[in-house]
$ cat final_39.cif   # mmCIF, C-alpha atoms
data_entry
loop_
_atom_site.label_atom_id
_atom_site.label_comp_id
_atom_site.auth_asym_id
_atom_site.auth_seq_id
_atom_site.Cartn_x
_atom_site.Cartn_y
_atom_site.Cartn_z
CA MET A 21 50.33 117.30 118.23
CA SER A 22 53.13 119.61 117.37
CA GLN A 23 53.28 118.61 113.71
CA PHE A 24 49.96 120.38 113.15
CA ARG A 25 50.62 123.46 115.23
CA SER A 26 51.18 126.66 113.29
CA LYS A 27 54.62 128.16 113.68
CA LYS A 28 53.23 131.58 114.35
CA LEU A 29 50.47 132.43 116.76
CA ASP A 30 47.37 133.33 114.74
CA ILE A 31 44.71 133.90 117.37
CA SER A 32 44.22 136.86 119.60
CA CYS A 33 42.26 135.98 122.69
CA PHE A 34 43.29 134.51 125.97
CA ILE A 35 46.33 132.38 125.13
CA ASN A 36 46.97 129.14 126.86
CA VAL A 37 48.44 125.80 125.82
CA ARG A 38 44.98 124.29 125.87
CA VAL A 39 43.51 127.09 123.79
CA ILE A 40 46.28 126.74 121.21
CA ARG A 41 45.77 122.98 121.14
CA ASP A 42 42.05 123.34 120.63
CA HIS A 43 42.60 125.88 117.86
CA THR A 44 45.04 123.51 116.15
CA LYS A 45 42.50 120.71 116.35
CA ARG A 46 39.88 122.92 114.76
CA LYS A 47 42.13 123.75 111.84
CA VAL A 48 43.11 120.11 111.33
CA PHE A 49 39.46 119.09 111.45
CA GLU A 50 38.63 121.64 108.77
CA GLN A 51 41.47 120.41 106.59
CA TYR A 52 40.50 116.73 106.71
CA GLU A 53 36.74 117.03 106.90
CA THR A 54 36.06 116.26 103.24
CA GLN A 55 38.29 113.20 103.34
CA ARG A 56 36.53 111.91 106.41
CA GLN A 57 33.11 112.49 104.89
CA ALA A 58 34.12 110.67 101.71
CA LEU A 59 35.31 107.67 103.71
CA ARG A 60 32.13 107.73 105.77
CA TYR A 61 30.09 107.77 102.58
CA ILE A 62 31.91 104.70 101.26
CA ILE A 63 31.36 102.90 104.54
CA ARG A 64 27.65 103.64 104.69
CA ASN A 65 26.96 102.85 101.04
CA THR A 66 25.74 99.24 100.95
CA THR A 67 25.78 99.13 97.16
CA LEU A 68 29.58 99.29 97.07
CA PRO A 69 31.68 96.10 97.29
CA GLN A 70 32.28 94.85 100.80
CA ARG A 71 36.03 94.93 100.37
CA ALA A 72 36.12 98.62 99.52
CA ARG A 73 33.93 99.42 102.49
CA ALA A 74 36.13 97.47 104.87
CA GLN A 75 39.19 99.25 103.51
CA ALA A 76 37.52 102.60 104.01
CA GLN A 77 36.66 101.63 107.55
CA LEU A 78 40.26 100.77 108.25
CA GLN A 79 41.49 103.97 106.68
CA LEU A 80 39.06 106.07 108.71
CA SER A 81 40.05 104.42 111.95
CA GLN A 82 43.71 105.01 111.18
CA MET A 83 43.36 108.74 110.64
CA HIS A 84 44.90 111.04 113.22
CA CYS A 85 42.76 111.74 116.25
CA TYR A 86 43.06 115.51 115.62
CA THR A 87 40.94 115.10 112.48
CA ARG A 88 38.00 113.99 114.61
CA PHE A 89 35.28 116.42 115.60
CA THR A 90 34.87 114.95 119.07
CA GLN A 91 38.34 116.22 119.96
CA ILE A 92 37.16 119.80 119.71
CA ASN A 93 35.94 121.50 122.84
CA ASN A 94 34.57 125.02 123.10
CA ARG A 95 36.75 127.12 125.35
CA CYS A 96 36.29 130.55 126.87
CA ILE A 97 37.98 133.29 124.81
CA GLU A 98 38.41 135.42 127.93
CA GLY A 99 40.00 132.90 130.25
CA GLY A 100 40.50 129.62 128.39
CA LYS A 101 38.13 127.74 130.65
CA SER A 102 36.33 124.74 129.20
CA ARG A 103 33.46 124.45 131.62
CA GLY A 104 30.38 126.59 131.78
CA VAL A 105 31.06 128.13 128.38
CA LEU A 106 28.08 129.80 126.73
CA LYS A 107 28.20 128.77 123.10
CA ASP A 108 26.62 131.93 121.69
CA PHE A 109 29.05 134.25 123.43
CA ARG A 110 32.10 131.92 123.50
CA MET A 111 32.63 132.94 127.09
CA ALA A 112 32.48 131.19 130.41
CA ARG A 113 29.63 132.11 132.68
CA PHE A 114 31.56 134.57 134.84
CA PRO A 115 33.28 136.65 132.13
CA PHE A 116 29.95 136.64 130.36
CA ARG A 117 28.22 138.06 133.42
CA ILE A 118 30.83 140.76 133.87
CA ASN A 119 30.78 141.78 130.22
CA ALA A 120 27.01 141.69 130.08
CA LEU A 121 26.66 143.89 133.15
CA GLU A 122 29.14 146.36 131.69
CA GLY A 123 27.08 146.45 128.51
CA ASN A 124 29.84 145.10 126.26
CA ILE A 125 27.62 142.43 124.75
CA PRO A 126 24.95 143.97 122.53
CA GLY A 127 21.40 142.84 123.15
CA VAL A 128 22.05 141.31 126.56
CA LYS A 129 20.27 142.77 129.53
CA LYS A 130 19.82 141.64 133.07
CA ALA A 131 16.37 140.24 133.54
CA SER A 132 14.13 142.05 135.96
CA TRP A 133 10.37 141.86 136.38
CA MET B 11 -10.22 104.21 95.24
CA SER B 12 -6.90 102.55 94.71
CA VAL B 13 -3.98 103.95 92.76
CA PRO B 14 -1.71 101.50 91.01
CA GLN B 15 1.79 101.12 92.43
CA SER B 16 3.42 102.12 89.16
CA ARG B 17 1.61 105.45 89.19
CA ILE B 18 2.84 106.22 92.69
CA LEU B 19 6.38 105.29 91.71
CA ALA B 20 6.21 107.57 88.70
CA LEU B 21 4.99 110.37 90.92
CA VAL B 22 7.83 109.84 93.38
CA LYS B 23 10.34 109.76 90.55
CA LEU B 24 9.05 113.06 89.24
CA GLN B 25 9.18 114.48 92.73
CA THR B 26 12.81 113.47 93.19
CA THR B 27 13.81 115.10 89.91
CA LEU B 28 12.00 118.29 90.85
CA PHE B 29 13.55 118.60 94.28
CA SER B 30 16.92 117.19 93.21
CA GLN B 31 16.71 114.18 95.48
CA THR B 32 17.83 110.64 94.73
CA PHE B 33 15.29 108.12 93.54
CA ASN B 34 15.61 105.07 95.74
CA PRO B 35 12.43 102.97 95.66
CA LEU B 36 14.09 99.90 97.20
CA ARG B 37 15.25 101.99 100.16
CA LEU B 38 18.82 100.85 99.89
CA ARG B 39 21.35 102.41 102.22
CA THR B 40 23.37 104.45 99.79
CA GLY B 41 24.97 106.79 102.30
CA ASN B 42 23.39 109.82 100.69
CA LYS B 43 22.70 111.19 104.12
CA ILE B 44 26.39 111.93 104.48
CA LEU B 45 26.65 113.67 101.11
CA ARG B 46 23.75 115.88 102.10
CA GLN B 47 25.43 117.10 105.26
CA ARG B 48 26.98 120.52 105.05
CA LEU B 49 30.67 120.97 105.84
CA ARG B 50 31.06 122.52 109.26
CA GLY B 51 34.83 122.94 109.14
CA PRO B 52 34.91 126.66 108.26
CA SER B 53 32.55 127.65 111.06
CA VAL B 54 34.33 125.40 113.54
CA ALA B 55 37.76 126.78 112.65
CA ALA B 56 36.54 130.38 113.00
CA TYR B 57 35.77 129.99 116.70
CA TYR B 58 38.70 131.87 118.18
CA PRO B 59 39.17 135.50 117.09
CA ARG B 60 41.96 135.78 114.54
CA ARG B 61 44.95 137.96 115.16
CA VAL B 62 44.85 141.32 113.47
CA ALA B 63 47.84 143.63 113.13
CA THR B 64 50.00 143.95 116.22
CA VAL B 65 52.36 146.78 117.11
CA LYS B 66 55.28 144.70 115.87
CA ASP B 67 53.58 144.16 112.51
CA LEU B 68 52.99 147.89 112.15
CA GLN B 69 56.60 148.65 112.98
CA LYS B 70 57.71 146.16 110.39
CA ALA B 71 55.30 147.51 107.79
CA TYR B 72 56.42 151.13 108.17
CA ARG B 73 60.11 150.51 108.59
CA HIS B 74 60.87 150.87 104.90
CA PHE B 75 59.68 154.50 104.96
CA ASP B 76 62.20 155.60 107.50
CA GLU B 77 64.80 153.45 109.16
CA ASP B 78 65.17 155.67 112.23
CA MET B 79 61.50 156.28 112.79
CA GLU B 80 60.71 156.44 116.47
CA THR B 81 58.05 153.96 117.51
CA TRP B 82 57.00 152.57 120.82
CA ASP B 83 55.50 149.36 122.09
CA GLU B 84 54.46 149.80 125.69
CA GLU B 85 53.86 146.15 126.42
CA GLU B 86 57.23 145.11 125.03
CA GLU B 87 58.94 147.84 127.06
CA ASP B 88 57.21 146.67 130.22
CA ARG B 89 58.29 143.13 129.53
CA ILE B 90 61.92 144.07 129.00
CA GLU B 91 61.90 146.16 132.16
CA HIS B 92 60.47 143.26 134.13
CA VAL B 93 63.08 140.86 132.75
CA ALA B 94 65.86 143.28 133.70
CA LEU B 95 64.50 143.62 137.23
CA VAL B 96 64.21 139.88 137.68
CA LYS B 97 67.72 139.35 136.40
CA GLN B 98 69.05 141.92 138.83
CA ARG B 99 67.63 139.87 141.67
CA GLY B 100 69.21 136.75 140.21
CA LYS B 101 65.82 135.20 139.54
CA GLY B 102 65.99 135.28 135.76
CA ALA B 103 65.60 132.39 133.38
CA PRO B 104 68.65 130.12 133.12
CA LYS B 105 70.95 130.47 130.16
CA LYS B 106 70.08 128.41 127.13
CA LYS B 107 72.06 125.17 127.00
CA ARG B 108 73.60 124.89 123.55
CA THR B 109 75.28 121.50 123.66
CA ARG B 110 73.97 118.11 124.71
CA ASP B 111 76.43 117.66 127.57
CA GLU B 112 75.56 121.00 129.08
CA SER B 113 71.89 120.17 129.19
CA LYS B 114 72.56 116.75 130.66
CA LYS B 115 74.74 118.04 133.45
CA ASN B 116 72.11 118.60 136.09
CA LYS B 117 69.66 115.94 135.04
CA GLY B 118 68.91 112.47 136.32
CA LYS B 119 69.42 110.92 139.72
CA LYS B 120 71.75 112.51 142.21
CA LYS B 121 74.77 110.39 142.81
CA PRO B 122 74.73 108.88 146.32
CA ALA B 123 77.11 110.45 148.80
CA VAL B 124 78.35 107.01 149.91
CA SER B 125 80.26 106.39 146.72
CA ALA B 126 81.92 109.80 147.01
CA ALA B 127 83.02 108.99 150.57
CA ALA B 128 84.34 105.61 149.43
CA ALA B 129 86.31 107.28 146.66
CA ALA B 130 87.82 109.67 149.21
CA ALA B 131 88.78 106.73 151.44
CA GLU B 132 90.41 105.00 148.50
CA THR B 133 92.55 107.99 147.73
CA LYS B 134 93.68 108.12 151.37
CA LEU B 135 94.80 104.50 151.22
#
$ encode --input "final_39.cif" --output "structure tokens"
Amino acid sequence: MSQFRSKKLDISCFINVRVIRDHTKRKVFEQYETQRQALRYIIRNTTLPQRARAQAQLQLSQMHCYTRFTQINNRCIEGGKSRGVLKDFRMARFPFRINALEGNIPGVKKASW
Amino acid sequence: MSVPQSRILALVKLQTTLFSQTFNPLRLRTGNKILRQRLRGPSVAAYYPRRVATVKDLQKAYRHFDEDMETWDEEEEDRIEHVALVKQRGKGAPKKKRTRDESKKNKGKKKPAVSAAAAAAETKL
């Protein structure tokens, strides 16, 4: 949502609405992670009063969806694609192949035996 | 050879103090699992490469040395040239609408031609 988006662009890769959105979600997740974990702790702790746990449950479910980790999706930094992204290289399979063949990615070599 | 329960409990208690764990012989669900998890926010937020200095930033940073310093930004020049070309062909972006009425002018349903014809007939009468 736009209320979380930074006013100035702070990433330098392939820029796309979806990339910006994902980046915003990541930052929001980082900001609210401790709060979420605290609420989760209260919910899971059976030694606490039932009322407090129920309240924590409610509070957690009412938090903004951008604070949730499941909203985050790894995207390609070369083309913004969300499918076929190699996690270690943050690139989709095709840009990865091209960069690897050019020798831009250290330690990656085409297999041959 | 059987070891009394109390001895085992004492051993476990000592173990928990040594390894800084929580002593929980009744196996209650205390949610400690969540407190043990590490925070993954920083690594998650660092996924996309951050922006380092751009040409514009450099220009801004060095402007106070000399106001008339000659600098160039090839990408910006290309962009401006492209915009000028497009405008020449009449394909540029429309002018920004400043007021509410201006922006509303060309929006919504087109008025049916029938009513216009009827209005014309009325004026004739």
$ closest_atom_pairs --input "final_39.cif" --of "chain B" --to "chain A" --cutoff "6 Å" --atoms "all atoms listed in the file" --output "Markdown table"
| residue | atom | partner | partner_atom | distance |
| --- | --- | --- | --- | --- |
| B:Arg39 | CA | A:Thr66 | CA | 5.6 |
| B:Thr40 | CA | A:Asn65 | CA | 4.1 |
| B:Gly41 | CA | A:Asn65 | CA | 4.6 |
| B:Ile44 | CA | A:Tyr61 | CA | 5.9 |
| B:Gly51 | CA | A:Glu50 | CA | 4.0 |
| B:Ala55 | CA | A:Arg46 | CA | 4.9 |
| B:Pro59 | CA | A:Ile31 | CA | 5.8 |
| B:Arg60 | CA | A:Ile31 | CA | 4.4 |
| B:Arg61 | CA | A:Ile31 | CA | 4.6 |
$ axis_aligned_box --input "final_39.cif" --around "stretch 24-29 of chain B" --padding-each-side "3 Å" --output "AutoDock Vina command-line options"
--center_x 11.4 --center_y 115.8 --center_z 91.8 --size_x 10.8 --size_y 11.5 --size_z 11.0
$ resolve_selection --input "final_39.cif" --expression "the PyMOL selection byres ((chain B and resi 66-69) around 12)" --output "compact mmCIF listing (two decimals) with C-alpha atoms, in the coordinates of the input"
# COMPACT_ATOMS: atom_id res chain seq x y z
CA ARG B 61 44.95 137.96 115.16
CA VAL B 62 44.85 141.32 113.47
CA ALA B 63 47.84 143.63 113.13
CA THR B 64 50.00 143.95 116.22
CA VAL B 65 52.36 146.78 117.11
CA LYS B 70 57.71 146.16 110.39
CA ALA B 71 55.30 147.51 107.79
CA TYR B 72 56.42 151.13 108.17
CA ARG B 73 60.11 150.51 108.59
CA HIS B 74 60.87 150.87 104.90
CA PHE B 75 59.68 154.50 104.96
CA ASP B 76 62.20 155.60 107.50
CA GLU B 77 64.80 153.45 109.16
CA ASP B 78 65.17 155.67 112.23
CA MET B 79 61.50 156.28 112.79
CA GLU B 80 60.71 156.44 116.47
CA THR B 81 58.05 153.96 117.51
CA TRP B 82 57.00 152.57 120.82
CA ASP B 83 55.50 149.36 122.09
CA GLU B 84 54.46 149.80 125.69
CA GLU B 85 53.86 146.15 126.42
CA GLU B 86 57.23 145.11 125.03
$ atom_distance --input "final_39.cif" --atom1 "atom CA of A:Arg103" --atom2 "atom CA of B:Ala56"
19.8 Å
$ closest_residue --input "final_39.cif" --among "A:Ala72, A:Phe24, A:Gly100, A:Leu80" --to "A:Val37" --atoms "all atoms listed in the file"
A:Gly100
$ atom_distance --input "final_39.cif" --atom1 "atom CA of A:Gly104" --atom2 "atom CA of A:Ser22"
27.8 Å
$ atom_distance --input "final_39.cif" --atom1 "atom CA of A:Phe116" --atom2 "atom CA of A:Asn36"
18.9 Å
$ decode --input "final_39.cif" --residues "stretch 68-102 of chain B" --atoms "N, CA and C atoms" --output "CSV table (one decimal), in the first residue's frame"
chain,number,residue,atom,x,y,z
B,68,LEU,N,25.8,13.2,-7.4
B,68,LEU,CA,27.1,13.7,-7.5
B,68,LEU,C,27.1,15.2,-7.8
B,69,GLN,N,26.2,15.5,-8.8
B,69,GLN,CA,26.1,16.9,-9.2
B,69,GLN,C,25.7,17.8,-8.0
B,70,LYS,N,24.7,17.2,-7.2
B,70,LYS,CA,24.3,18.0,-6.1
B,70,LYS,C,25.4,18.2,-5.1
B,71,ALA,N,26.1,17.1,-4.9
B,71,ALA,CA,27.2,17.1,-3.9
B,71,ALA,C,28.3,18.1,-4.2
B,72,TYR,N,28.6,18.3,-5.5
B,72,TYR,CA,29.7,19.1,-5.9
B,72,TYR,C,29.3,20.5,-6.3
B,73,ARG,N,28.0,20.8,-6.2
B,73,ARG,CA,27.6,22.1,-6.7
B,73,ARG,C,28.1,23.2,-5.9
B,74,HIS,N,28.3,23.0,-4.6
B,74,HIS,CA,28.7,24.1,-3.7
B,74,HIS,C,30.1,24.5,-4.0
B,75,PHE,N,30.9,23.7,-4.7
B,75,PHE,CA,32.3,24.1,-5.0
B,75,PHE,C,32.3,25.2,-6.1
B,76,ASP,N,31.5,24.9,-7.1
B,76,ASP,CA,31.4,25.8,-8.2
B,76,ASP,C,30.0,25.8,-8.8
B,77,GLU,N,29.4,26.9,-8.8
B,77,GLU,CA,28.0,27.0,-9.3
B,77,GLU,C,27.9,26.6,-10.8
B,78,ASP,N,28.9,27.1,-11.6
B,78,ASP,CA,28.9,26.9,-13.0
B,78,ASP,C,29.7,25.7,-13.5
B,79,MET,N,29.9,24.8,-12.7
B,79,MET,CA,30.7,23.7,-13.1
B,79,MET,C,30.0,22.9,-14.1
B,80,GLU,N,30.7,22.5,-15.2
B,80,GLU,CA,30.1,21.8,-16.3
B,80,GLU,C,30.0,20.3,-16.0
B,81,THR,N,28.8,19.8,-15.9
B,81,THR,CA,28.7,18.3,-15.7
B,81,THR,C,27.8,17.7,-16.8
B,82,TRP,N,27.8,16.5,-16.9
B,82,TRP,CA,26.9,15.9,-17.9
B,82,TRP,C,26.3,14.5,-17.4
B,83,ASP,N,25.1,14.3,-17.8
B,83,ASP,CA,24.4,13.1,-17.4
B,83,ASP,C,23.8,12.6,-18.7
B,84,GLU,N,24.5,11.6,-19.3
B,84,GLU,CA,24.1,11.1,-20.6
B,84,GLU,C,22.7,10.6,-20.7
B,85,GLU,N,22.3,9.8,-19.7
B,85,GLU,CA,21.0,9.2,-19.7
B,85,GLU,C,19.9,10.3,-19.6
B,86,GLU,N,20.1,11.3,-18.8
B,86,GLU,CA,19.1,12.4,-18.7
B,86,GLU,C,19.0,13.1,-20.0
B,87,GLU,N,20.2,13.4,-20.6
B,87,GLU,CA,20.2,14.1,-21.9
B,87,GLU,C,19.4,13.3,-23.0
B,88,ASP,N,19.6,12.0,-23.0
B,88,ASP,CA,18.9,11.1,-23.9
B,88,ASP,C,17.4,11.2,-23.7
B,89,ARG,N,17.0,11.2,-22.5
B,89,ARG,CA,15.6,11.2,-22.1
B,89,ARG,C,15.0,12.5,-22.6
B,90,ILE,N,15.7,13.6,-22.3
B,90,ILE,CA,15.1,14.9,-22.7
B,90,ILE,C,15.0,15.0,-24.2
B,91,GLU,N,16.0,14.5,-24.9
B,91,GLU,CA,16.0,14.5,-26.4
B,91,GLU,C,14.8,13.7,-26.9
B,92,HIS,N,14.6,12.6,-26.3
B,92,HIS,CA,13.5,11.7,-26.7
B,92,HIS,C,12.1,12.4,-26.5
B,93,VAL,N,12.0,13.0,-25.3
B,93,VAL,CA,10.7,13.8,-25.0
B,93,VAL,C,10.5,14.8,-26.0
B,94,ALA,N,11.6,15.6,-26.4
B,94,ALA,CA,11.4,16.7,-27.4
B,94,ALA,C,10.9,16.1,-28.7
B,95,LEU,N,11.6,15.0,-29.1
B,95,LEU,CA,11.2,14.4,-30.4
B,95,LEU,C,9.7,14.0,-30.4
B,96,VAL,N,9.3,13.3,-29.3
B,96,VAL,CA,7.9,12.8,-29.2
B,96,VAL,C,7.0,14.0,-29.3
B,97,LYS,N,7.3,15.1,-28.6
B,97,LYS,CA,6.4,16.2,-28.5
B,97,LYS,C,6.3,16.8,-29.9
B,98,GLN,N,7.4,16.8,-30.7
B,98,GLN,CA,7.4,17.4,-32.0
B,98,GLN,C,6.4,16.7,-32.9
B,99,ARG,N,6.3,15.4,-32.7
B,99,ARG,CA,5.3,14.6,-33.4
B,99,ARG,C,3.9,14.6,-32.9
B,100,GLY,N,3.8,15.4,-31.8
B,100,GLY,CA,2.4,15.5,-31.2
B,100,GLY,C,2.0,14.3,-30.4
B,101,LYS,N,3.0,13.5,-30.0
B,101,LYS,CA,2.7,12.2,-29.3
B,101,LYS,C,3.1,12.3,-27.8
B,102,GLY,N,3.4,13.5,-27.4
B,102,GLY,CA,3.8,13.6,-26.0
B,102,GLY,C,2.8,13.4,-25.0
